[in-house]
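In what follows, a structure is listed as structure tokens, so that the remarks can point back to it.
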Amino acid sequence: MSDTPGTWGGAREMSPFEVIMWRAEAGEPRLRCPVLAVEILDATPEWDRLCAAVDWATRMVPRFRERVREPLGGLGTPYWIHDVEFDLHYHLRRVRLPGAGTEVWSGLGPIAEQFSMTPFDRARPPWEAMLVEGLPGGRSAFLFKLHHVLTDGIGAVQLLSQLHSRKREHDDAKPQPPAPATEAPDPVAEIDRLVRRELGTVPRAARAVRDVLGALTRPVSAVRSTAGYLGSAVRVLSPPSGAASELLRPRGLSWRFAALDVAFADLRAAGRSVGGSFNDAYLAALLGGFRLYHEEMGHPVAADATLRTSTPVSVRRAGDVAGGNRWAPARISAPMGIVDAGERMRTVGARMRAARDEPALESPDVVAPLVARLPGPVPAALVVGAGTAGTDLQASNVPGLRSEAYLCGGRIERVYPFAPLPGCAAMISVVTHGDTCCVGANLDAAAITDRDLFTECLAAGFAEVLAVVPGSAEPVVVR
């Protein structure tokens, strides 16, 4: 745990990419961007202790007492300002399941879905938390929802590693920072900030002109380099090649969740058995699940069939501020029709390496500042929609906490991630927690109409990949 308050999410202004995410959902509800972590605890925290702990977290991370302030007239970059009306009572709530039963997900799943689908109050800090009591065996769940503009998956893990305890008992020695000072909007300072930021684009433009003029002294190499970069940018910014799945074509506003447990060591060993990585095995398992679901739904796929897939690739560098968003989309035509799990892993690995090696992988950062400066949500929604509507699957893989962690006396047994659906049919994420891969699938209910069947097919897809290594444990559907 860090002893230094305020080290996470310290950037005052949103990045251009975060501006696009923030404004896009105002113009298109399907592009809303909540990120939800569902933590399963082996005990139920005392409510007063939990309230005190969350209050402490908002003092350790002042960003959680801040709201988004749009600039005057909607021109320029939104920025973070302390919420003078911050109310923990609004952000933290609790519910209790009516009966313990024997299954975790049957009662918890609908609550998590509804909690995630409920829009944020954009006049408040964009996060909410909920304690769900009454799970089987005296367990509970802590649901933590935050807007994607606050952070990406790696940033969320940074946050949780800072805030979670390493022991069950209360820690009297942890730092106790005061609540951050509040500040009211200052129109004069806001205009000054806007002018200074926009003027800051002038030196950058001058450097760009200098680079272009310098390139003219070496025209042949400049043309080759420029042509290669532009070709790469087209591939990065365009939807993956191939036709979209007809079965998954419909899109709606309702989400359905599914969760699975997979042994981390076994899935990693499966990837290594064919000279690949954990991520190759993970993606191959998802593709196997989609192939089986298509077949079960009466849509058999050919051996060369592909699924339009996008995966976020972290572009964080040493020195980047903790929190925020530092990732780029790697888009591939993923080999859904290959039945042999080993061949599927090798093929998806080769295509992912090619996507990661694109010279223009970070080209969205070039486009984002232009779109972010346009007023209103419509331009942002058009850009985001164009980049995601043609994608059937978005898959995310985030290394999680490998050591034991606690929340107010409850040991965290599992952490299931549920990322938003920005126009795709399914967003499936995995977080490694201890020795377990916690898989969270967020499914568009209009695209994937039989959630239970899809979940079984997804488990079977993991079983195909795990079978490459004899003795691997079977995947477990969380019920």
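Identifiers for the structure tokens are assigned positionally: chains receive A, B, ... in sequence, residues are indexed from 1 per chain, and ligands are indexed from 1 in the order shown.
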
Any idea what's packed within 12 Å of Leu453 of chain A, counting only C-alpha atoms, ignoring anything in its chain fewer than 6 positions away? Could you give it as a list in words?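 Near Leu453 of chain A, the qualifying residues are Ala258, Gly289, Phe290, Leu292, Tyr293, His294, Glu295, Glu296, Met297, Ala459, Ala460 and Val477 of chain A.
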
Writer output for current selection, N, CA and C atoms, as an mmCIF file, in the first residue's frame:
```cif
data_model
loop_
_atom_site.group_PDB
_atom_site.id
_atom_site.type_symbol
_atom_site.label_atom_id
_atom_site.label_comp_id
_atom_site.auth_asym_id
_atom_site.auth_seq_id
_atom_site.Cartn_x
_atom_site.Cartn_y
_atom_site.Cartn_z
ATOM 1 N N ALA A 258 -21.887 -12.703 -17.248
ATOM 2 C CA ALA A 258 -21.535 -14.097 -16.957
ATOM 3 C C ALA A 258 -20.132 -14.112 -16.374
ATOM 4 N N GLY A 289 -15.292 -20.486 -27.846
ATOM 5 C CA GLY A 289 -16.630 -20.325 -27.300
ATOM 6 C C GLY A 289 -17.584 -19.693 -28.293
ATOM 7 N N PHE A 290 -17.111 -18.700 -29.028
ATOM 8 C CA PHE A 290 -17.971 -18.062 -30.037
ATOM 9 C C PHE A 290 -18.295 -19.029 -31.172
ATOM 10 N N LEU A 292 -18.540 -22.305 -30.975
ATOM 11 C CA LEU A 292 -19.516 -23.267 -30.471
ATOM 12 C C LEU A 292 -20.896 -22.630 -30.322
ATOM 13 N N TYR A 293 -20.942 -21.377 -29.901
ATOM 14 C CA TYR A 293 -22.232 -20.697 -29.756
ATOM 15 C C TYR A 293 -22.901 -20.520 -31.119
ATOM 16 N N HIS A 294 -22.138 -20.136 -32.120
ATOM 17 C CA HIS A 294 -22.709 -20.009 -33.471
ATOM 18 C C HIS A 294 -23.296 -21.350 -33.926
ATOM 19 N N GLU A 295 -22.556 -22.424 -33.686
ATOM 20 C CA GLU A 295 -23.033 -23.743 -34.121
ATOM 21 C C GLU A 295 -24.307 -24.136 -33.377
ATOM 22 N N GLU A 296 -24.333 -23.907 -32.061
ATOM 23 C CA GLU A 296 -25.506 -24.272 -31.270
ATOM 24 C C GLU A 296 -26.735 -23.450 -31.657
ATOM 25 N N MET A 297 -26.501 -22.243 -32.150
ATOM 26 C CA MET A 297 -27.597 -21.372 -32.555
ATOM 27 C C MET A 297 -27.986 -21.567 -34.024
ATOM 28 N N ALA A 459 -17.314 -21.722 -21.594
ATOM 29 C CA ALA A 459 -16.579 -22.679 -20.760
ATOM 30 C C ALA A 459 -16.002 -23.803 -21.609
ATOM 31 N N ALA A 460 -16.764 -24.269 -22.601
ATOM 32 C CA ALA A 460 -16.275 -25.324 -23.490
ATOM 33 C C ALA A 460 -15.108 -24.830 -24.333
ATOM 34 N N VAL A 477 -18.035 -22.494 -14.328
ATOM 35 C CA VAL A 477 -19.023 -21.437 -14.508
ATOM 36 C C VAL A 477 -19.513 -21.002 -13.123
#
```

Nearby residues (only C-alpha atoms) at most 12 Å from Arg272 of chain A, same-chain spacing under 3 positions excluded, as a ChimeraX atom specification: /A:265-269,275-282,342,345-346,349,465-466,468-469

Spatial neighbours of segment 55-57 of chain A, max dist 12 Å, only C-alpha atoms, sep filter under 6 positions, as a PDB file with N, CA and C atoms, in the first residue's frame:
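Contents of selection.pdb, freshly written:
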```pdb
ATOM      1  N   MET A   1       0.842  -1.190   0.000  1.00  0.00           N
ATOM      2  CA  MET A   1       0.000   0.000   0.000  1.00  0.00           C
ATOM      3  C   MET A   1       0.880   1.244   0.000  1.00  0.00           C
ATOM      4  N   SER A   2       0.562   2.218  -0.833  1.00  0.00           N
ATOM      5  CA  SER A   2       1.305   3.465  -0.852  1.00  0.00           C
ATOM      6  C   SER A   2       0.933   4.299   0.356  1.00  0.00           C
ATOM      7  N   ASP A   3       1.934   4.950   0.959  1.00  0.00           N
ATOM      8  CA  ASP A   3       1.675   5.832   2.085  1.00  0.00           C
ATOM      9  C   ASP A   3       1.532   7.281   1.638  1.00  0.00           C
ATOM     10  N   THR A   4       1.553   7.515   0.353  1.00  0.00           N
ATOM     11  CA  THR A   4       1.516   8.877  -0.169  1.00  0.00           C
ATOM     12  C   THR A   4       0.148   9.189  -0.744  1.00  0.00           C
ATOM     13  N   PRO A   5      -0.623  10.054  -0.101  1.00  0.00           N
ATOM     14  CA  PRO A   5      -1.940  10.396  -0.646  1.00  0.00           C
ATOM     15  C   PRO A   5      -1.814  11.178  -1.952  1.00  0.00           C
ATOM     16  N   GLY A   6      -2.831  11.044  -2.789  1.00  0.00           N
ATOM     17  CA  GLY A   6      -2.918  11.891  -3.969  1.00  0.00           C
ATOM     18  C   GLY A   6      -2.012  11.525  -5.108  1.00  0.00           C
ATOM     19  N   TRP A   8      -2.442   8.976  -7.207  1.00  0.00           N
ATOM     20  CA  TRP A   8      -3.178   8.275  -8.263  1.00  0.00           C
ATOM     21  C   TRP A   8      -4.160   9.244  -8.910  1.00  0.00           C
ATOM     22  N   ASP A  48     -20.317   0.345   9.381  1.00  0.00           N
ATOM     23  CA  ASP A  48     -19.629   1.560   9.823  1.00  0.00           C
ATOM     24  C   ASP A  48     -18.150   1.514   9.453  1.00  0.00           C
ATOM     25  N   ARG A  49     -17.550   0.336   9.573  1.00  0.00           N
ATOM     26  CA  ARG A  49     -16.142   0.211   9.213  1.00  0.00           C
ATOM     27  C   ARG A  49     -15.951   0.407   7.713  1.00  0.00           C
ATOM     28  N   ARG A  63      -9.045  12.294  -6.291  1.00  0.00           N
ATOM     29  CA  ARG A  63      -9.817  12.260  -7.523  1.00  0.00           C
ATOM     30  C   ARG A  63     -11.255  11.806  -7.275  1.00  0.00           C
ATOM     31  N   PHE A  64     -11.469  10.997  -6.237  1.00  0.00           N
ATOM     32  CA  PHE A  64     -12.806  10.486  -5.967  1.00  0.00           C
ATOM     33  C   PHE A  64     -13.692  11.487  -5.231  1.00  0.00           C
ATOM     34  N   ARG A  65     -13.152  12.661  -4.941  1.00  0.00           N
ATOM     35  CA  ARG A  65     -13.972  13.766  -4.454  1.00  0.00           C
ATOM     36  C   ARG A  65     -14.059  14.874  -5.508  1.00  0.00           C
ATOM     37  N   PHE A  86     -19.720  17.178  -2.227  1.00  0.00           N
ATOM     38  CA  PHE A  86     -19.448  15.742  -2.160  1.00  0.00           C
ATOM     39  C   PHE A  86     -20.212  15.098  -1.008  1.00  0.00           C
ATOM     40  N   ASP A  87     -20.892  13.982  -1.311  1.00  0.00           N
ATOM     41  CA  ASP A  87     -21.755  13.316  -0.327  1.00  0.00           C
ATOM     42  C   ASP A  87     -21.501  11.815  -0.406  1.00  0.00           C
ATOM     43  N   LEU A  88     -20.782  11.278   0.565  1.00  0.00           N
ATOM     44  CA  LEU A  88     -20.477   9.852   0.570  1.00  0.00           C
ATOM     45  C   LEU A  88     -21.750   9.016   0.633  1.00  0.00           C
ATOM     46  N   HIS A  89     -22.783   9.533   1.265  1.00  0.00           N
ATOM     47  CA  HIS A  89     -24.045   8.807   1.369  1.00  0.00           C
ATOM     48  C   HIS A  89     -24.620   8.488  -0.009  1.00  0.00           C
ATOM     49  N   HIS A  91     -22.738   8.027  -2.833  1.00  0.00           N
ATOM     50  CA  HIS A  91     -21.842   7.160  -3.594  1.00  0.00           C
ATOM     51  C   HIS A  91     -21.754   5.739  -3.044  1.00  0.00           C
ATOM     52  N   LEU A  92     -22.029   5.547  -1.770  1.00  0.00           N
ATOM     53  CA  LEU A  92     -21.894   4.235  -1.136  1.00  0.00           C
ATOM     54  C   LEU A  92     -23.246   3.785  -0.607  1.00  0.00           C
ATOM     55  N   ALA A 129     -20.329   2.783  -5.280  1.00  0.00           N
ATOM     56  CA  ALA A 129     -19.972   1.496  -4.676  1.00  0.00           C
ATOM     57  C   ALA A 129     -21.179   0.931  -3.942  1.00  0.00           C
ATOM     58  N   LEU A 159      -4.895   1.218  -8.487  1.00  0.00           N
ATOM     59  CA  LEU A 159      -5.724   1.802  -7.442  1.00  0.00           C
ATOM     60  C   LEU A 159      -6.034   0.789  -6.353  1.00  0.00           C
ATOM     61  N   LEU A 160      -6.498  -0.403  -6.751  1.00  0.00           N
ATOM     62  CA  LEU A 160      -6.878  -1.403  -5.760  1.00  0.00           C
ATOM     63  C   LEU A 160      -5.680  -1.864  -4.943  1.00  0.00           C
ATOM     64  N   SER A 161      -4.526  -1.976  -5.578  1.00  0.00           N
ATOM     65  CA  SER A 161      -3.337  -2.397  -4.838  1.00  0.00           C
ATOM     66  C   SER A 161      -2.939  -1.343  -3.808  1.00  0.00           C
ATOM     67  N   GLN A 162      -3.289  -0.075  -4.059  1.00  0.00           N
ATOM     68  CA  GLN A 162      -2.988   0.997  -3.113  1.00  0.00           C
ATOM     69  C   GLN A 162      -3.966   1.020  -1.951  1.00  0.00           C
ATOM     70  N   LEU A 163      -5.224   0.662  -2.218  1.00  0.00           N
ATOM     71  CA  LEU A 163      -6.268   0.835  -1.210  1.00  0.00           C
ATOM     72  C   LEU A 163      -6.572  -0.420  -0.403  1.00  0.00           C
ATOM     73  N   HIS A 164      -6.374  -1.597  -0.980  1.00  0.00           N
ATOM     74  CA  HIS A 164      -6.691  -2.827  -0.243  1.00  0.00           C
ATOM     75  C   HIS A 164      -5.639  -3.109   0.823  1.00  0.00           C
ATOM     76  N   SER A 165      -6.095  -3.748   1.880  1.00  0.00           N
ATOM     77  CA  SER A 165      -5.209  -4.094   2.992  1.00  0.00           C
ATOM     78  C   SER A 165      -4.572  -5.458   2.756  1.00  0.00           C
ATOM     79  N   LYS A 174      -2.002   3.224   9.221  1.00  0.00           N
ATOM     80  CA  LYS A 174      -2.123   3.730   7.851  1.00  0.00           C
ATOM     81  C   LYS A 174      -2.262   5.255   7.866  1.00  0.00           C
ATOM     82  N   PRO A 175      -1.805   5.904   6.813  1.00  0.00           N
ATOM     83  CA  PRO A 175      -1.851   7.376   6.793  1.00  0.00           C
ATOM     84  C   PRO A 175      -3.279   7.888   6.859  1.00  0.00           C
ATOM     85  N   GLN A 176      -3.449   9.061   7.422  1.00  0.00           N
ATOM     86  CA  GLN A 176      -4.772   9.665   7.575  1.00  0.00           C
ATOM     87  C   GLN A 176      -4.750  11.090   7.003  1.00  0.00           C
ATOM     88  N   PRO A 177      -4.748  11.201   5.693  1.00  0.00           N
ATOM     89  CA  PRO A 177      -4.724  12.544   5.101  1.00  0.00           C
ATOM     90  C   PRO A 177      -6.041  13.258   5.331  1.00  0.00           C
ATOM     91  N   PRO A 178      -6.014  14.578   5.424  1.00  0.00           N
ATOM     92  CA  PRO A 178      -7.271  15.319   5.577  1.00  0.00           C
ATOM     93  C   PRO A 178      -8.044  15.320   4.263  1.00  0.00           C
ATOM     94  N   ALA A 179      -9.315  15.664   4.341  1.00  0.00           N
ATOM     95  CA  ALA A 179     -10.106  15.807   3.119  1.00  0.00           C
ATOM     96  C   ALA A 179      -9.528  16.956   2.305  1.00  0.00           C
ATOM     97  N   PRO A 180      -9.457  16.796   0.988  1.00  0.00           N
ATOM     98  CA  PRO A 180      -8.889  17.868   0.162  1.00  0.00           C
ATOM     99  C   PRO A 180      -9.723  19.133   0.243  1.00  0.00           C
ATOM    100  N   LEU A 407     -10.632  -6.486   2.511  1.00  0.00           N
ATOM    101  CA  LEU A 407     -11.437  -5.272   2.557  1.00  0.00           C
ATOM    102  C   LEU A 407     -12.241  -5.287   3.845  1.00  0.00           C
ATOM    103  N   CYS A 408     -11.853  -4.443   4.775  1.00  0.00           N
ATOM    104  CA  CYS A 408     -12.573  -4.311   6.059  1.00  0.00           C
ATOM    105  C   CYS A 408     -12.799  -5.658   6.724  1.00  0.00           C
TER     106      CYS A 408
END
```

Please report, as an MDAnalysis selection string, each residue of segment 230-458 of chain A to which DSSP assigns helix (DSSP H, G or I) when run on this structure's backbone. chainID A and resid 230:237 264:273 278:296 341:356 364:372 378:388 451:458

Minimum-distance residue to Arg94 of chain A, chosen among A:Ala302, A:Met117, A:Met60, A:Ala141 (using only C-alpha atoms):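 The shortest atom-to-atom distance to Arg94 of chain A comes from A:Ala141.
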
Tell me, as JSON, numbers by chain, which residues lie within 12 Å of Thr102 of chain A, counting only C-alpha atoms; anything in the same chain fewer than 2 positions away does not count. {"A": [99, 100, 104, 105, 106, 107, 108, 134, 135, 136, 137, 138, 139, 478, 479]}

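Using only C-alpha atoms, the nearest neighbour of Gly390 of chain A within the list A:Pro422, A:Pro417, A:Pro110, A:Pro359 is A:Pro422.
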
If you count only C-alpha atoms, which residues fall within 7 Å of Leu31 of chain A, apart from same-chain ones fewer than 6 positions away, as a list in words? Ala24, Glu25, Leu421, Pro422 and Gly423 of chain A

For those residues, write C-alpha atoms to a file as an mmCIF file, in the first residue's frame.
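Saved as part09.cif:
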```
data_model
loop_
_atom_site.group_PDB
_atom_site.id
_atom_site.type_symbol
_atom_site.label_atom_id
_atom_site.label_comp_id
_atom_site.auth_asym_id
_atom_site.auth_seq_id
_atom_site.Cartn_x
_atom_site.Cartn_y
_atom_site.Cartn_z
ATOM 1 C CA ALA A 24 -19.659 10.352 -26.700
ATOM 2 C CA GLU A 25 -22.062 8.753 -24.227
ATOM 3 C CA LEU A 421 -19.896 -2.380 -24.281
ATOM 4 C CA PRO A 422 -19.055 0.487 -26.665
ATOM 5 C CA GLY A 423 -21.184 -0.826 -29.516
#
```

Can you list, as a PyMOL selection string, all residues belonging to segment 397-470 of chain A that DSSP tags as strand (DSSP E or B)? chain A and resi 397-398+406-407+410-418+426-433+436-444

I need the chosen residues saved as a PDB file, in the first residue's frame, with N, CA and C atoms.
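Okay, this is what ended up in selection_4.pdb:
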```pdb
ATOM      1  N   ASN A 397      -7.265  -8.265 -21.063  1.00  0.00           N
ATOM      2  CA  ASN A 397      -6.496  -9.135 -20.171  1.00  0.00           C
ATOM      3  C   ASN A 397      -5.663  -8.248 -19.260  1.00  0.00           C
ATOM      4  N   VAL A 398      -5.977  -8.267 -17.962  1.00  0.00           N
ATOM      5  CA  VAL A 398      -5.304  -7.380 -17.010  1.00  0.00           C
ATOM      6  C   VAL A 398      -4.680  -8.207 -15.886  1.00  0.00           C
ATOM      7  N   TYR A 406      -7.454  -7.825   1.497  1.00  0.00           N
ATOM      8  CA  TYR A 406      -8.628  -7.788   2.372  1.00  0.00           C
ATOM      9  C   TYR A 406      -9.342  -6.449   2.241  1.00  0.00           C
ATOM     10  N   LEU A 407     -10.632  -6.486   2.511  1.00  0.00           N
ATOM     11  CA  LEU A 407     -11.437  -5.272   2.557  1.00  0.00           C
ATOM     12  C   LEU A 407     -12.241  -5.287   3.845  1.00  0.00           C
ATOM     13  N   GLY A 410     -12.756  -8.660   5.404  1.00  0.00           N
ATOM     14  CA  GLY A 410     -13.154  -9.728   4.502  1.00  0.00           C
ATOM     15  C   GLY A 410     -12.044 -10.040   3.495  1.00  0.00           C
ATOM     16  N   ARG A 411     -11.666 -11.313   3.408  1.00  0.00           N
ATOM     17  CA  ARG A 411     -10.656 -11.694   2.413  1.00  0.00           C
ATOM     18  C   ARG A 411     -11.304 -11.706   1.033  1.00  0.00           C
ATOM     19  N   ILE A 412     -10.625 -11.111   0.079  1.00  0.00           N
ATOM     20  CA  ILE A 412     -11.151 -11.041  -1.284  1.00  0.00           C
ATOM     21  C   ILE A 412     -10.863 -12.371  -1.979  1.00  0.00           C
ATOM     22  N   GLU A 413     -11.914 -13.151  -2.210  1.00  0.00           N
ATOM     23  CA  GLU A 413     -11.755 -14.463  -2.835  1.00  0.00           C
ATOM     24  C   GLU A 413     -11.651 -14.365  -4.354  1.00  0.00           C
ATOM     25  N   ARG A 414     -12.428 -13.488  -4.952  1.00  0.00           N
ATOM     26  CA  ARG A 414     -12.455 -13.329  -6.403  1.00  0.00           C
ATOM     27  C   ARG A 414     -12.698 -11.863  -6.740  1.00  0.00           C
ATOM     28  N   VAL A 415     -12.224 -11.453  -7.930  1.00  0.00           N
ATOM     29  CA  VAL A 415     -12.508 -10.129  -8.474  1.00  0.00           C
ATOM     30  C   VAL A 415     -12.916 -10.319  -9.929  1.00  0.00           C
ATOM     31  N   TYR A 416     -14.188 -10.091 -10.225  1.00  0.00           N
ATOM     32  CA  TYR A 416     -14.684 -10.253 -11.602  1.00  0.00           C
ATOM     33  C   TYR A 416     -14.808  -8.886 -12.262  1.00  0.00           C
ATOM     34  N   PRO A 417     -14.166  -8.707 -13.418  1.00  0.00           N
ATOM     35  CA  PRO A 417     -14.206  -7.412 -14.106  1.00  0.00           C
ATOM     36  C   PRO A 417     -15.297  -7.382 -15.170  1.00  0.00           C
ATOM     37  N   PHE A 418     -16.021  -6.285 -15.230  1.00  0.00           N
ATOM     38  CA  PHE A 418     -17.041  -6.097 -16.265  1.00  0.00           C
ATOM     39  C   PHE A 418     -16.834  -4.715 -16.888  1.00  0.00           C
ATOM     40  N   ALA A 426     -19.937  -8.201 -27.419  1.00  0.00           N
ATOM     41  CA  ALA A 426     -19.466  -8.749 -26.147  1.00  0.00           C
ATOM     42  C   ALA A 426     -18.156  -8.094 -25.758  1.00  0.00           C
ATOM     43  N   MET A 427     -18.041  -7.752 -24.488  1.00  0.00           N
ATOM     44  CA  MET A 427     -16.772  -7.323 -23.900  1.00  0.00           C
ATOM     45  C   MET A 427     -16.432  -8.332 -22.819  1.00  0.00           C
ATOM     46  N   ILE A 428     -15.350  -9.071 -23.031  1.00  0.00           N
ATOM     47  CA  ILE A 428     -14.968 -10.122 -22.090  1.00  0.00           C
ATOM     48  C   ILE A 428     -13.594  -9.779 -21.526  1.00  0.00           C
ATOM     49  N   SER A 429     -13.513  -9.720 -20.206  1.00  0.00           N
ATOM     50  CA  SER A 429     -12.291  -9.314 -19.529  1.00  0.00           C
ATOM     51  C   SER A 429     -11.846 -10.410 -18.573  1.00  0.00           C
ATOM     52  N   VAL A 430     -10.544 -10.456 -18.329  1.00  0.00           N
ATOM     53  CA  VAL A 430     -10.007 -11.394 -17.352  1.00  0.00           C
ATOM     54  C   VAL A 430      -9.034 -10.654 -16.451  1.00  0.00           C
ATOM     55  N   VAL A 431      -9.140 -10.920 -15.161  1.00  0.00           N
ATOM     56  CA  VAL A 431      -8.200 -10.413 -14.168  1.00  0.00           C
ATOM     57  C   VAL A 431      -7.649 -11.612 -13.412  1.00  0.00           C
ATOM     58  N   THR A 432      -6.345 -11.697 -13.319  1.00  0.00           N
ATOM     59  CA  THR A 432      -5.738 -12.772 -12.538  1.00  0.00           C
ATOM     60  C   THR A 432      -5.751 -12.365 -11.068  1.00  0.00           C
ATOM     61  N   HIS A 433      -6.386 -13.194 -10.250  1.00  0.00           N
ATOM     62  CA  HIS A 433      -6.463 -12.932  -8.818  1.00  0.00           C
ATOM     63  C   HIS A 433      -5.910 -14.147  -8.105  1.00  0.00           C
ATOM     64  N   THR A 436      -6.107 -17.740  -9.790  1.00  0.00           N
ATOM     65  CA  THR A 436      -7.328 -17.918 -10.575  1.00  0.00           C
ATOM     66  C   THR A 436      -7.492 -16.803 -11.599  1.00  0.00           C
ATOM     67  N   CYS A 437      -7.887 -17.182 -12.798  1.00  0.00           N
ATOM     68  CA  CYS A 437      -8.305 -16.207 -13.807  1.00  0.00           C
ATOM     69  C   CYS A 437      -9.792 -15.958 -13.614  1.00  0.00           C
ATOM     70  N   CYS A 438     -10.143 -14.740 -13.225  1.00  0.00           N
ATOM     71  CA  CYS A 438     -11.540 -14.368 -13.047  1.00  0.00           C
ATOM     72  C   CYS A 438     -12.026 -13.735 -14.348  1.00  0.00           C
ATOM     73  N   VAL A 439     -12.894 -14.441 -15.056  1.00  0.00           N
ATOM     74  CA  VAL A 439     -13.378 -13.992 -16.358  1.00  0.00           C
ATOM     75  C   VAL A 439     -14.751 -13.359 -16.183  1.00  0.00           C
ATOM     76  N   GLY A 440     -14.889 -12.134 -16.652  1.00  0.00           N
ATOM     77  CA  GLY A 440     -16.171 -11.434 -16.605  1.00  0.00           C
ATOM     78  C   GLY A 440     -16.618 -11.093 -18.010  1.00  0.00           C
ATOM     79  N   ALA A 441     -17.786 -11.591 -18.409  1.00  0.00           N
ATOM     80  CA  ALA A 441     -18.314 -11.353 -19.750  1.00  0.00           C
ATOM     81  C   ALA A 441     -19.505 -10.409 -19.669  1.00  0.00           C
ATOM     82  N   ASN A 442     -19.399  -9.277 -20.354  1.00  0.00           N
ATOM     83  CA  ASN A 442     -20.507  -8.336 -20.490  1.00  0.00           C
ATOM     84  C   ASN A 442     -21.092  -8.526 -21.882  1.00  0.00           C
ATOM     85  N   LEU A 443     -22.338  -8.939 -21.962  1.00  0.00           N
ATOM     86  CA  LEU A 443     -22.949  -9.356 -23.218  1.00  0.00           C
ATOM     87  C   LEU A 443     -24.114  -8.442 -23.578  1.00  0.00           C
ATOM     88  N   ASP A 444     -24.152  -8.006 -24.826  1.00  0.00           N
ATOM     89  CA  ASP A 444     -25.290  -7.257 -25.324  1.00  0.00           C
ATOM     90  C   ASP A 444     -26.462  -8.223 -25.464  1.00  0.00           C
TER      91      ASP A 444
END
```

Show me, as a list in words, the residues that have an atom within 10 Å of Ile448 of chain A when counting only C-alpha atoms, minus same-chain residues fewer than 6 positions from it. Leu247, Leu248, Arg249, Pro250, Arg251, Trp255, Arg256, Tyr293, Ala425, Ala426 and Phe454 of chain A
